[in-house]
file my_file_3.txt (compact mmCIF, N, CA and C atoms)
# COMPACT_ATOMS: atom_id res chain seq x y z
N MET A 321 -104.58 89.39 30.36
CA MET A 321 -104.45 88.96 28.97
C MET A 321 -105.22 89.94 28.08
N ASN A 322 -104.67 90.24 26.94
CA ASN A 322 -105.32 91.11 25.96
C ASN A 322 -106.58 90.46 25.41
N HIS A 323 -107.43 91.28 24.82
CA HIS A 323 -108.61 90.76 24.12
C HIS A 323 -108.14 89.95 22.91
N ILE A 324 -108.71 88.77 22.73
CA ILE A 324 -108.37 87.89 21.61
C ILE A 324 -109.66 87.51 20.91
N GLU A 325 -109.66 87.58 19.58
CA GLU A 325 -110.85 87.21 18.82
C GLU A 325 -110.46 86.38 17.61
N PHE A 326 -111.25 85.35 17.32
CA PHE A 326 -110.99 84.47 16.19
C PHE A 326 -111.04 85.27 14.89
N HIS A 327 -110.11 84.96 13.96
CA HIS A 327 -110.10 85.64 12.67
C HIS A 327 -110.34 84.68 11.50
N HIS A 328 -109.53 83.61 11.38
CA HIS A 328 -109.69 82.70 10.24
C HIS A 328 -109.00 81.35 10.48
N PHE A 329 -109.34 80.40 9.62
CA PHE A 329 -108.62 79.13 9.50
C PHE A 329 -107.69 79.25 8.31
N GLY A 330 -106.46 78.73 8.44
CA GLY A 330 -105.50 78.72 7.33
C GLY A 330 -105.42 77.33 6.73
N ILE A 331 -105.61 77.24 5.41
CA ILE A 331 -105.60 75.96 4.69
C ILE A 331 -104.44 75.96 3.71
N ALA A 332 -103.53 75.00 3.84
CA ALA A 332 -102.45 74.82 2.87
C ALA A 332 -103.00 74.08 1.67
N CYS A 333 -102.70 74.58 0.47
CA CYS A 333 -103.16 73.92 -0.75
C CYS A 333 -102.14 74.11 -1.86
N GLN A 334 -102.18 73.27 -2.86
CA GLN A 334 -101.28 73.40 -4.01
C GLN A 334 -101.78 74.44 -5.00
N ASN A 335 -103.10 74.48 -5.18
CA ASN A 335 -103.68 75.33 -6.21
C ASN A 335 -104.87 76.09 -5.62
N ILE A 336 -104.70 77.38 -5.43
CA ILE A 336 -105.75 78.19 -4.81
C ILE A 336 -107.06 78.13 -5.59
N ASP A 337 -106.99 78.22 -6.92
CA ASP A 337 -108.23 78.22 -7.71
C ASP A 337 -109.01 76.93 -7.56
N LYS A 338 -108.31 75.79 -7.60
CA LYS A 338 -109.00 74.49 -7.45
C LYS A 338 -109.62 74.34 -6.06
N THR A 339 -108.86 74.71 -5.04
CA THR A 339 -109.37 74.58 -3.67
C THR A 339 -110.52 75.55 -3.45
N ALA A 340 -110.42 76.77 -3.96
CA ALA A 340 -111.50 77.75 -3.83
C ALA A 340 -112.76 77.24 -4.52
N GLU A 341 -112.60 76.57 -5.65
CA GLU A 341 -113.75 76.01 -6.35
C GLU A 341 -114.46 74.95 -5.50
N ALA A 342 -113.69 74.14 -4.79
CA ALA A 342 -114.29 73.14 -3.90
C ALA A 342 -115.06 73.82 -2.77
N TYR A 343 -114.51 74.91 -2.23
CA TYR A 343 -115.19 75.64 -1.15
C TYR A 343 -116.43 76.38 -1.66
N SER A 344 -116.48 76.68 -2.95
CA SER A 344 -117.66 77.37 -3.49
C SER A 344 -118.90 76.50 -3.37
N ALA A 345 -118.74 75.19 -3.35
CA ALA A 345 -119.88 74.29 -3.15
C ALA A 345 -120.50 74.47 -1.77
N LEU A 346 -119.73 75.05 -0.83
CA LEU A 346 -120.23 75.32 0.52
C LEU A 346 -120.76 76.75 0.64
N GLY A 347 -120.72 77.49 -0.46
CA GLY A 347 -121.22 78.86 -0.46
C GLY A 347 -120.18 79.93 -0.24
N TYR A 348 -118.89 79.56 -0.27
CA TYR A 348 -117.81 80.53 -0.09
C TYR A 348 -117.55 81.29 -1.40
N SER A 349 -117.14 82.54 -1.25
CA SER A 349 -116.75 83.38 -2.39
C SER A 349 -115.25 83.65 -2.31
N LYS A 350 -114.60 83.61 -3.46
CA LYS A 350 -113.15 83.78 -3.54
C LYS A 350 -112.80 85.26 -3.69
N GLY A 351 -111.84 85.71 -2.90
CA GLY A 351 -111.31 87.07 -3.02
C GLY A 351 -110.11 87.08 -3.95
N GLU A 352 -109.38 88.18 -3.92
CA GLU A 352 -108.19 88.35 -4.74
C GLU A 352 -107.04 87.51 -4.20
N THR A 353 -106.25 86.93 -5.09
CA THR A 353 -105.05 86.20 -4.69
C THR A 353 -103.89 87.20 -4.63
N ILE A 354 -103.15 87.16 -3.51
CA ILE A 354 -102.07 88.10 -3.24
C ILE A 354 -100.77 87.32 -3.04
N PHE A 355 -99.69 87.82 -3.62
CA PHE A 355 -98.37 87.24 -3.39
C PHE A 355 -97.76 87.92 -2.17
N ASP A 356 -97.32 87.14 -1.21
CA ASP A 356 -96.65 87.67 -0.02
C ASP A 356 -95.16 87.33 -0.13
N PRO A 357 -94.34 88.31 -0.49
CA PRO A 357 -92.91 88.04 -0.68
C PRO A 357 -92.17 87.71 0.62
N LEU A 358 -92.66 88.21 1.76
CA LEU A 358 -92.00 87.91 3.03
C LEU A 358 -92.17 86.45 3.43
N GLN A 359 -93.33 85.87 3.06
CA GLN A 359 -93.57 84.48 3.41
C GLN A 359 -93.37 83.54 2.21
N ASN A 360 -93.21 84.12 1.01
CA ASN A 360 -93.01 83.36 -0.21
C ASN A 360 -94.20 82.42 -0.49
N ILE A 361 -95.40 82.98 -0.35
CA ILE A 361 -96.62 82.21 -0.60
C ILE A 361 -97.65 83.10 -1.30
N ASN A 362 -98.62 82.44 -1.93
CA ASN A 362 -99.79 83.12 -2.47
C ASN A 362 -100.92 82.91 -1.47
N ILE A 363 -101.72 83.96 -1.26
CA ILE A 363 -102.77 83.95 -0.25
C ILE A 363 -104.08 84.42 -0.87
N CYS A 364 -105.16 83.77 -0.48
CA CYS A 364 -106.48 84.19 -0.93
C CYS A 364 -107.48 83.92 0.20
N PHE A 365 -108.30 84.92 0.51
CA PHE A 365 -109.34 84.73 1.52
C PHE A 365 -110.65 84.34 0.86
N LEU A 366 -111.33 83.41 1.51
CA LEU A 366 -112.66 82.98 1.08
C LEU A 366 -113.66 83.46 2.12
N THR A 367 -114.74 84.07 1.66
CA THR A 367 -115.74 84.61 2.59
C THR A 367 -117.07 83.89 2.42
N HIS A 368 -117.83 83.92 3.49
CA HIS A 368 -119.17 83.33 3.53
C HIS A 368 -119.96 84.16 4.53
N THR A 369 -121.20 84.41 4.25
CA THR A 369 -122.00 85.27 5.13
C THR A 369 -122.28 84.64 6.49
N GLU A 370 -122.23 83.32 6.58
CA GLU A 370 -122.60 82.66 7.83
C GLU A 370 -121.53 81.72 8.39
N MET A 371 -120.37 81.68 7.76
CA MET A 371 -119.32 80.75 8.21
C MET A 371 -118.01 81.50 8.42
N PRO A 372 -117.06 80.86 9.12
CA PRO A 372 -115.77 81.51 9.39
C PRO A 372 -114.99 81.84 8.11
N LEU A 373 -114.17 82.85 8.20
CA LEU A 373 -113.27 83.24 7.12
C LEU A 373 -112.24 82.12 6.92
N VAL A 374 -111.92 81.83 5.67
CA VAL A 374 -110.93 80.81 5.33
C VAL A 374 -109.82 81.47 4.53
N GLU A 375 -108.58 81.18 4.89
CA GLU A 375 -107.41 81.68 4.16
C GLU A 375 -106.77 80.50 3.44
N LEU A 376 -106.67 80.59 2.12
CA LEU A 376 -105.97 79.57 1.34
C LEU A 376 -104.55 80.05 1.09
N LEU A 377 -103.59 79.16 1.31
CA LEU A 377 -102.18 79.49 1.11
C LEU A 377 -101.54 78.44 0.22
N SER A 378 -100.90 78.90 -0.86
CA SER A 378 -100.23 77.96 -1.76
C SER A 378 -98.77 78.37 -1.92
N PRO A 379 -97.88 77.39 -2.12
CA PRO A 379 -96.46 77.70 -2.26
C PRO A 379 -96.15 78.38 -3.58
N VAL A 380 -95.15 79.26 -3.56
CA VAL A 380 -94.67 79.91 -4.77
C VAL A 380 -93.62 79.02 -5.43
N ASP A 381 -92.79 78.39 -4.60
CA ASP A 381 -91.76 77.48 -5.08
C ASP A 381 -91.42 76.50 -3.97
N ASP A 382 -90.39 75.70 -4.15
CA ASP A 382 -90.06 74.66 -3.16
C ASP A 382 -89.45 75.22 -1.88
N LYS A 383 -89.24 76.53 -1.81
CA LYS A 383 -88.72 77.14 -0.58
C LYS A 383 -89.84 77.76 0.27
N SER A 384 -91.07 77.68 -0.20
CA SER A 384 -92.21 78.20 0.56
C SER A 384 -92.38 77.43 1.86
N PRO A 385 -92.77 78.11 2.93
CA PRO A 385 -92.85 77.46 4.24
C PRO A 385 -93.92 76.36 4.35
N ILE A 386 -94.87 76.31 3.44
CA ILE A 386 -95.92 75.29 3.55
C ILE A 386 -95.67 74.05 2.68
N VAL A 387 -94.56 74.03 1.97
CA VAL A 387 -94.26 72.88 1.11
C VAL A 387 -94.22 71.58 1.92
N GLN A 388 -93.54 71.60 3.06
CA GLN A 388 -93.45 70.38 3.88
C GLN A 388 -94.81 69.94 4.39
N ILE A 389 -95.66 70.88 4.75
CA ILE A 389 -97.01 70.55 5.22
C ILE A 389 -97.77 69.83 4.11
N LEU A 390 -97.70 70.36 2.89
CA LEU A 390 -98.40 69.75 1.76
C LEU A 390 -97.82 68.38 1.42
N GLU A 391 -96.50 68.23 1.48
CA GLU A 391 -95.88 66.94 1.18
C GLU A 391 -96.31 65.88 2.18
N LYS A 392 -96.43 66.28 3.43
CA LYS A 392 -96.79 65.34 4.49
C LYS A 392 -98.30 65.05 4.54
N ASN A 393 -99.13 66.11 4.36
CA ASN A 393 -100.56 65.96 4.60
C ASN A 393 -101.47 66.24 3.42
N GLY A 394 -100.96 66.78 2.33
CA GLY A 394 -101.83 67.21 1.24
C GLY A 394 -102.59 68.46 1.67
N VAL A 395 -103.67 68.78 0.98
CA VAL A 395 -104.47 69.96 1.33
C VAL A 395 -105.01 69.75 2.74
N THR A 396 -104.74 70.73 3.62
CA THR A 396 -105.11 70.55 5.02
C THR A 396 -105.21 71.87 5.77
N PRO A 397 -106.11 71.94 6.76
CA PRO A 397 -106.06 73.08 7.67
C PRO A 397 -104.77 72.95 8.50
N TYR A 398 -104.06 74.05 8.69
CA TYR A 398 -102.82 73.92 9.46
C TYR A 398 -102.60 75.02 10.48
N HIS A 399 -103.43 76.08 10.46
CA HIS A 399 -103.33 77.06 11.54
C HIS A 399 -104.67 77.75 11.76
N THR A 400 -104.82 78.28 12.97
CA THR A 400 -105.95 79.16 13.28
C THR A 400 -105.37 80.52 13.59
N CYS A 401 -106.13 81.56 13.29
CA CYS A 401 -105.64 82.92 13.46
C CYS A 401 -106.54 83.70 14.40
N TYR A 402 -105.90 84.52 15.24
CA TYR A 402 -106.61 85.33 16.22
C TYR A 402 -106.10 86.76 16.15
N VAL A 403 -107.02 87.71 16.28
CA VAL A 403 -106.66 89.13 16.34
C VAL A 403 -106.46 89.50 17.80
N VAL A 404 -105.37 90.22 18.08
CA VAL A 404 -105.06 90.65 19.44
C VAL A 404 -104.81 92.15 19.46
N ASP A 405 -105.07 92.78 20.60
CA ASP A 405 -104.87 94.22 20.73
C ASP A 405 -103.40 94.60 20.70
N ASP A 406 -102.58 93.84 21.42
CA ASP A 406 -101.16 94.16 21.55
C ASP A 406 -100.35 92.90 21.27
N LEU A 407 -99.76 92.83 20.09
CA LEU A 407 -99.06 91.62 19.66
C LEU A 407 -97.89 91.28 20.58
N ASP A 408 -97.06 92.26 20.91
CA ASP A 408 -95.88 91.98 21.73
C ASP A 408 -96.25 91.48 23.13
N SER A 409 -97.24 92.10 23.72
CA SER A 409 -97.69 91.69 25.06
C SER A 409 -98.29 90.27 25.02
N THR A 410 -99.07 89.99 23.99
CA THR A 410 -99.69 88.66 23.87
C THR A 410 -98.62 87.60 23.66
N ILE A 411 -97.61 87.90 22.86
CA ILE A 411 -96.52 86.94 22.66
C ILE A 411 -95.81 86.66 23.98
N ARG A 412 -95.53 87.69 24.75
CA ARG A 412 -94.88 87.48 26.06
C ARG A 412 -95.73 86.58 26.95
N THR A 413 -97.03 86.82 26.97
CA THR A 413 -97.94 85.99 27.77
C THR A 413 -97.94 84.55 27.28
N PHE A 414 -98.02 84.36 25.96
CA PHE A 414 -98.07 83.01 25.41
C PHE A 414 -96.74 82.27 25.62
N LYS A 415 -95.62 82.98 25.58
CA LYS A 415 -94.33 82.34 25.85
C LYS A 415 -94.31 81.77 27.27
N ARG A 416 -94.90 82.50 28.22
CA ARG A 416 -94.99 81.98 29.60
C ARG A 416 -95.89 80.74 29.68
N LEU A 417 -96.80 80.60 28.71
CA LEU A 417 -97.70 79.45 28.65
C LEU A 417 -97.13 78.33 27.78
N ARG A 418 -95.83 78.41 27.49
CA ARG A 418 -95.07 77.39 26.75
C ARG A 418 -95.33 77.36 25.24
N TYR A 419 -95.79 78.48 24.68
CA TYR A 419 -95.86 78.59 23.23
C TYR A 419 -94.46 78.90 22.72
N ILE A 420 -94.13 78.40 21.56
CA ILE A 420 -92.83 78.63 20.93
C ILE A 420 -93.06 79.55 19.74
N ILE A 421 -92.23 80.58 19.61
CA ILE A 421 -92.34 81.48 18.46
C ILE A 421 -91.75 80.77 17.24
N VAL A 422 -92.58 80.59 16.23
CA VAL A 422 -92.16 79.96 14.98
C VAL A 422 -91.73 81.03 13.98
N SER A 423 -92.44 82.15 13.99
CA SER A 423 -92.13 83.25 13.09
C SER A 423 -92.33 84.55 13.85
N LYS A 424 -91.25 85.31 13.99
CA LYS A 424 -91.29 86.57 14.73
C LYS A 424 -92.22 87.56 14.04
N PRO A 425 -92.69 88.57 14.77
CA PRO A 425 -93.61 89.56 14.19
C PRO A 425 -93.04 90.20 12.91
N LYS A 426 -93.91 90.25 11.90
CA LYS A 426 -93.57 90.92 10.65
C LYS A 426 -94.86 91.36 9.99
N GLU A 427 -94.73 92.27 9.05
CA GLU A 427 -95.89 92.81 8.34
C GLU A 427 -96.47 91.77 7.39
N ALA A 428 -97.80 91.69 7.35
CA ALA A 428 -98.48 90.75 6.44
C ALA A 428 -99.28 91.55 5.42
N CYS A 429 -98.91 91.43 4.15
CA CYS A 429 -99.58 92.22 3.13
C CYS A 429 -101.02 91.78 2.89
N ALA A 430 -101.37 90.55 3.20
CA ALA A 430 -102.72 90.05 2.95
C ALA A 430 -103.72 90.48 4.02
N ILE A 431 -103.23 90.99 5.15
CA ILE A 431 -104.12 91.38 6.25
C ILE A 431 -103.88 92.86 6.56
N GLY A 432 -104.01 93.69 5.55
CA GLY A 432 -103.91 95.13 5.74
C GLY A 432 -102.58 95.62 6.27
N HIS A 433 -101.52 94.90 5.97
CA HIS A 433 -100.16 95.27 6.38
C HIS A 433 -100.02 95.38 7.90
N ARG A 434 -100.85 94.62 8.63
CA ARG A 434 -100.71 94.57 10.08
C ARG A 434 -99.62 93.56 10.44
N ARG A 435 -99.05 93.68 11.63
CA ARG A 435 -98.02 92.73 12.06
C ARG A 435 -98.67 91.41 12.47
N VAL A 436 -97.99 90.33 12.11
CA VAL A 436 -98.43 88.99 12.48
C VAL A 436 -97.25 88.20 13.05
N ALA A 437 -97.56 87.18 13.82
CA ALA A 437 -96.54 86.25 14.31
C ALA A 437 -97.18 84.87 14.39
N PHE A 438 -96.36 83.84 14.21
CA PHE A 438 -96.83 82.46 14.33
C PHE A 438 -96.20 81.84 15.57
N LEU A 439 -97.03 81.14 16.34
CA LEU A 439 -96.58 80.45 17.54
C LEU A 439 -97.09 79.02 17.52
N TYR A 440 -96.39 78.16 18.24
CA TYR A 440 -96.77 76.75 18.29
C TYR A 440 -96.86 76.30 19.74
N HIS A 441 -97.89 75.47 20.01
CA HIS A 441 -98.03 74.83 21.32
C HIS A 441 -98.36 73.37 21.07
N ALA A 442 -97.71 72.48 21.79
CA ALA A 442 -97.87 71.03 21.58
C ALA A 442 -99.33 70.57 21.73
N ASP A 443 -100.11 71.27 22.55
CA ASP A 443 -101.50 70.85 22.76
C ASP A 443 -102.50 71.64 21.92
N MET A 444 -102.00 72.56 21.08
CA MET A 444 -102.90 73.37 20.26
C MET A 444 -102.49 73.42 18.80
N GLY A 445 -101.24 73.21 18.51
CA GLY A 445 -100.76 73.32 17.14
C GLY A 445 -100.32 74.74 16.83
N LEU A 446 -100.35 75.08 15.55
CA LEU A 446 -99.87 76.36 15.07
C LEU A 446 -100.98 77.42 15.11
N ILE A 447 -100.64 78.59 15.67
CA ILE A 447 -101.59 79.70 15.64
C ILE A 447 -100.90 80.92 15.06
N GLU A 448 -101.69 81.76 14.46
CA GLU A 448 -101.21 83.04 13.96
C GLU A 448 -101.88 84.12 14.79
N LEU A 449 -101.09 85.10 15.20
CA LEU A 449 -101.63 86.25 15.94
C LEU A 449 -101.50 87.46 15.03
N VAL A 450 -102.57 88.23 14.90
CA VAL A 450 -102.60 89.44 14.09
C VAL A 450 -102.86 90.62 15.01
N GLU A 451 -102.04 91.64 14.88
CA GLU A 451 -102.24 92.84 15.70
C GLU A 451 -103.39 93.66 15.13
N LYS A 452 -104.27 94.10 16.01
CA LYS A 452 -105.46 94.86 15.61
C LYS A 452 -105.11 96.16 14.92

call {"tool": "encode", "arguments": {"input": "my_file_3.txt", "output": "structure tokens"}}
result
Amino acid sequence: MNHIEFHHFGIACQNIDKTAEAYSALGYSKGETIFDPLQNINICFLTHTEMPLVELLSPVDDKSPIVQILEKNGVTPYHTCYVVDDLDSTIRTFKRLRYIIVSKPKEACAIGHRRVAFLYHADMGLIELVEK
């Protein structure tokens, strides 16, 4: 198995500024909000010197992939992200472990234009893999 390292928690929210303000009470700082046309969402990373990186994702319109998550659960953590050395090899390994590919590898503008993929496992939920 390739080296895997935790990267961030993904939080679905309606309004990045409002949610970022709530996280500021925990000492998080808000970065730049970026529009990702491939995923049809707005993305903003929150940083903290002593806590995990948090990614806030808000829908652009009713066709955004997180709309259903927000309708069902409201503001909620919905994925964890891991950096991997070789995305294609890791996906093949995870498929053998019964992960389902939810979103095939594609470039992510919010993470330095590296390739990402989303996979799902019934006992783990949704994960995002980012190629190093």

call {"tool": "select_by_dssp", "arguments": {"input": "my_file_3.txt", "residues": "segment 361-407 of chain A", "states": "strand (DSSP E or B)", "output": "list in words"}}
result
Ile361, Asn362, Ile363, Cys364, Phe365, Leu366, Thr367, Leu373, Val374, Glu375, Leu376, Leu377, Ser378, Pro379, Thr396, Pro397, Tyr398, His399, Thr400, Cys401, Tyr402, Val403 and Val404 of chain A

call {"tool": "atom_distance", "arguments": {"input": "my_file_3.txt", "atom1": "atom CA of Glu370 of chain A", "atom2": "atom C of Gly432 of chain A"}}
result
23.9 Å

call {"tool": "closest_atom_pairs", "arguments": {"input": "my_file_3.txt", "of": "segment 350-433 of chain A", "to": "segment 448-451 of chain A", "cutoff": "8 Å", "atoms": "only N, CA and C atoms", "output": "JSON lines"}}
result
{"residue": "A:Tyr398", "atom": "C", "partner": "A:Glu448", "partner_atom": "N", "distance": 7.9}
{"residue": "A:His399", "atom": "C", "partner": "A:Glu448", "partner_atom": "N", "distance": 5.7}
{"residue": "A:Thr400", "atom": "C", "partner": "A:Glu448", "partner_atom": "N", "distance": 4.0}
{"residue": "A:Cys401", "atom": "CA", "partner": "A:Glu448", "partner_atom": "C", "distance": 4.2}
{"residue": "A:Tyr402", "atom": "C", "partner": "A:Val450", "partner_atom": "N", "distance": 4.0}
{"residue": "A:Val403", "atom": "CA", "partner": "A:Val450", "partner_atom": "C", "distance": 4.3}
{"residue": "A:Val404", "atom": "N", "partner": "A:Val450", "partner_atom": "C", "distance": 4.0}
{"residue": "A:Asp405", "atom": "C", "partner": "A:Glu451", "partner_atom": "CA", "distance": 5.4}
{"residue": "A:Asp406", "atom": "N", "partner": "A:Glu451", "partner_atom": "CA", "distance": 5.8}
{"residue": "A:Leu407", "atom": "N", "partner": "A:Glu451", "partner_atom": "CA", "distance": 5.0}
{"residue": "A:Asp408", "atom": "N", "partner": "A:Glu451", "partner_atom": "CA", "distance": 7.4}

call {"tool": "atom_distance", "arguments": {"input": "my_file_3.txt", "atom1": "atom C of Ile354 of chain A", "atom2": "atom CA of Cys429 of chain A"}}
result
8.0 Å

call {"tool": "select_by_dssp", "arguments": {"input": "my_file_3.txt", "residues": "segment 322-436 of chain A", "states": "alpha helix (DSSP H)", "output": "list of chain:residue names"}}
result
A:Ile336, A:Asp337, A:Lys338, A:Thr339, A:Ala340, A:Glu341, A:Ala342, A:Tyr343, A:Ser344, A:Val387, A:Gln388, A:Ile389, A:Leu390, A:Glu391, A:Lys392, A:Asn393, A:Leu407, A:Asp408, A:Ser409, A:Thr410, A:Ile411, A:Arg412, A:Thr413, A:Phe414, A:Lys415, A:Arg416

call {"tool": "closest_residue", "arguments": {"input": "my_file_3.txt", "among": "A:Ile336, A:Ile389, A:Leu358, A:Ala345", "to": "Leu376 of chain A", "atoms": "only N, CA and C atoms"}}
result
A:Ile336

call {"tool": "atom_distance", "arguments": {"input": "my_file_3.txt", "atom1": "atom N of Tyr440 of chain A", "atom2": "atom N of Asn362 of chain A"}}
result
20.7 Å

call {"tool": "residues_near_point", "arguments": {"input": "my_file_3.txt", "point": "(-104.3, 86.6, 2.1)", "cutoff": "5 Å", "atoms": "only N, CA and C atoms", "output": "ChimeraX atom specification"}}
result
/A:363-365,430

call {"tool": "closest_atom_pairs", "arguments": {"input": "my_file_3.txt", "of": "segment 343-380 of chain A", "to": "segment 325-329 of chain A", "cutoff": "8 Å", "atoms": "all atoms listed in the file", "output": "tab-separated table"}}
result
residue	atom	partner	partner_atom	distance
A:Pro372	C	A:His328	CA	5.8
A:Leu373	C	A:His328	CA	4.2
A:Val374	CA	A:Phe329	N	4.6
A:Glu375	N	A:Phe329	C	4.0
A:Leu376	N	A:Phe329	C	6.4

call {"tool": "residues_around", "arguments": {"input": "my_file_3.txt", "residues": "Glu427 of chain A", "least_positions_apart": "3", "cutoff": "8 Å", "atoms": "all atoms listed in the file", "output": "count of residues only"}}
result
11

call {"tool": "closest_residue", "arguments": {"input": "my_file_3.txt", "among": "A:Asn393, A:Ser409, A:Asn360, A:Asn335", "to": "Asp381 of chain A", "atoms": "only N, CA and C atoms"}}
result
A:Asn360

call {"tool": "closest_residue", "arguments": {"input": "my_file_3.txt", "among": "A:Gly351, A:Leu346, A:Ala332, A:Arg412", "to": "Val387 of chain A", "atoms": "only C-alpha atoms"}}
result
A:Ala332

call {"tool": "residues_near_point", "arguments": {"input": "my_file_3.txt", "point": "(-96.2, 71.7, 24.5)", "cutoff": "8 Å", "atoms": "all atoms listed in the file", "output": "ChimeraX atom specification"}}
result
/A:417-420,440-445

call {"tool": "closest_residue", "arguments": {"input": "my_file_3.txt", "among": "A:Leu366, A:Ile411, A:Cys333, A:Ile421", "to": "Ser384 of chain A", "atoms": "only C-alpha atoms"}}
result
A:Cys333

call {"tool": "axis_aligned_box", "arguments": {"input": "my_file_3.txt", "around": "segment 372-378 of chain A", "padding_each_side": "8 Å", "output": "lines of an AutoDock Vina configuration file"}}
result
center_x = -107.9
center_y = 80.6
center_z = 3.7
size_x = 34.3
size_y = 21.3
size_z = 27.3

call {"tool": "closest_residue", "arguments": {"input": "my_file_3.txt", "among": "A:Ala428, A:Ile447, A:Leu439, A:Ile331", "to": "Ser378 of chain A", "atoms": "only N, CA and C atoms"}}
result
A:Ile331

call {"tool": "decode", "arguments": {"input": "my_file_3.txt", "residues": "segment 328-334 of chain A", "atoms": "all heavy atoms", "output": "short mmCIF file (atom, residue, chain, number, x, y, z; two decimals), in the first residue's frame"}}
result
data_model
loop_
_atom_site.label_atom_id
_atom_site.label_comp_id
_atom_site.auth_asym_id
_atom_site.auth_seq_id
_atom_site.Cartn_x
_atom_site.Cartn_y
_atom_site.Cartn_z
N HIS A 328 -7.34 16.72 5.48
CA HIS A 328 -8.35 17.64 6.02
C HIS A 328 -9.71 16.95 6.23
O HIS A 328 -9.93 15.86 5.74
CB HIS A 328 -8.54 18.86 5.11
CG HIS A 328 -9.17 18.54 3.79
ND1 HIS A 328 -8.44 18.36 2.63
CD2 HIS A 328 -10.47 18.37 3.40
CE1 HIS A 328 -9.24 18.10 1.62
NE2 HIS A 328 -10.49 18.10 2.07
N PHE A 329 -10.57 17.64 6.96
CA PHE A 329 -11.99 17.29 7.08
C PHE A 329 -12.75 18.20 6.12
O PHE A 329 -12.47 19.39 6.03
CB PHE A 329 -12.53 17.58 8.49
CG PHE A 329 -11.98 16.68 9.54
CD1 PHE A 329 -11.03 17.15 10.44
CD2 PHE A 329 -12.39 15.36 9.65
CE1 PHE A 329 -10.52 16.33 11.42
CE2 PHE A 329 -11.88 14.53 10.62
CZ PHE A 329 -10.93 15.01 11.52
N GLY A 330 -13.74 17.66 5.41
CA GLY A 330 -14.59 18.45 4.53
C GLY A 330 -15.94 18.70 5.18
O GLY A 330 -16.59 17.76 5.62
N ILE A 331 -16.34 19.97 5.26
CA ILE A 331 -17.59 20.37 5.90
C ILE A 331 -18.51 21.00 4.85
O ILE A 331 -18.14 21.99 4.22
CB ILE A 331 -17.35 21.42 7.01
CG1 ILE A 331 -16.23 20.99 7.97
CG2 ILE A 331 -18.65 21.76 7.75
CD1 ILE A 331 -16.55 19.83 8.85
N ALA A 332 -19.69 20.44 4.66
CA ALA A 332 -20.69 21.03 3.78
C ALA A 332 -21.39 22.15 4.53
O ALA A 332 -21.80 21.97 5.68
CB ALA A 332 -21.70 19.97 3.33
N CYS A 333 -21.53 23.30 3.88
CA CYS A 333 -22.21 24.44 4.52
C CYS A 333 -22.93 25.26 3.46
O CYS A 333 -22.59 25.20 2.28
CB CYS A 333 -21.22 25.30 5.31
SG CYS A 333 -19.96 26.13 4.32
N GLN A 334 -23.91 26.03 3.88
CA GLN A 334 -24.63 26.91 2.95
C GLN A 334 -23.86 28.20 2.68
O GLN A 334 -23.86 28.71 1.58
CB GLN A 334 -26.01 27.27 3.51
CG GLN A 334 -26.99 26.14 3.49
CD GLN A 334 -27.48 25.81 2.08
OE1 GLN A 334 -27.18 26.48 1.10
NE2 GLN A 334 -28.21 24.72 1.97
#
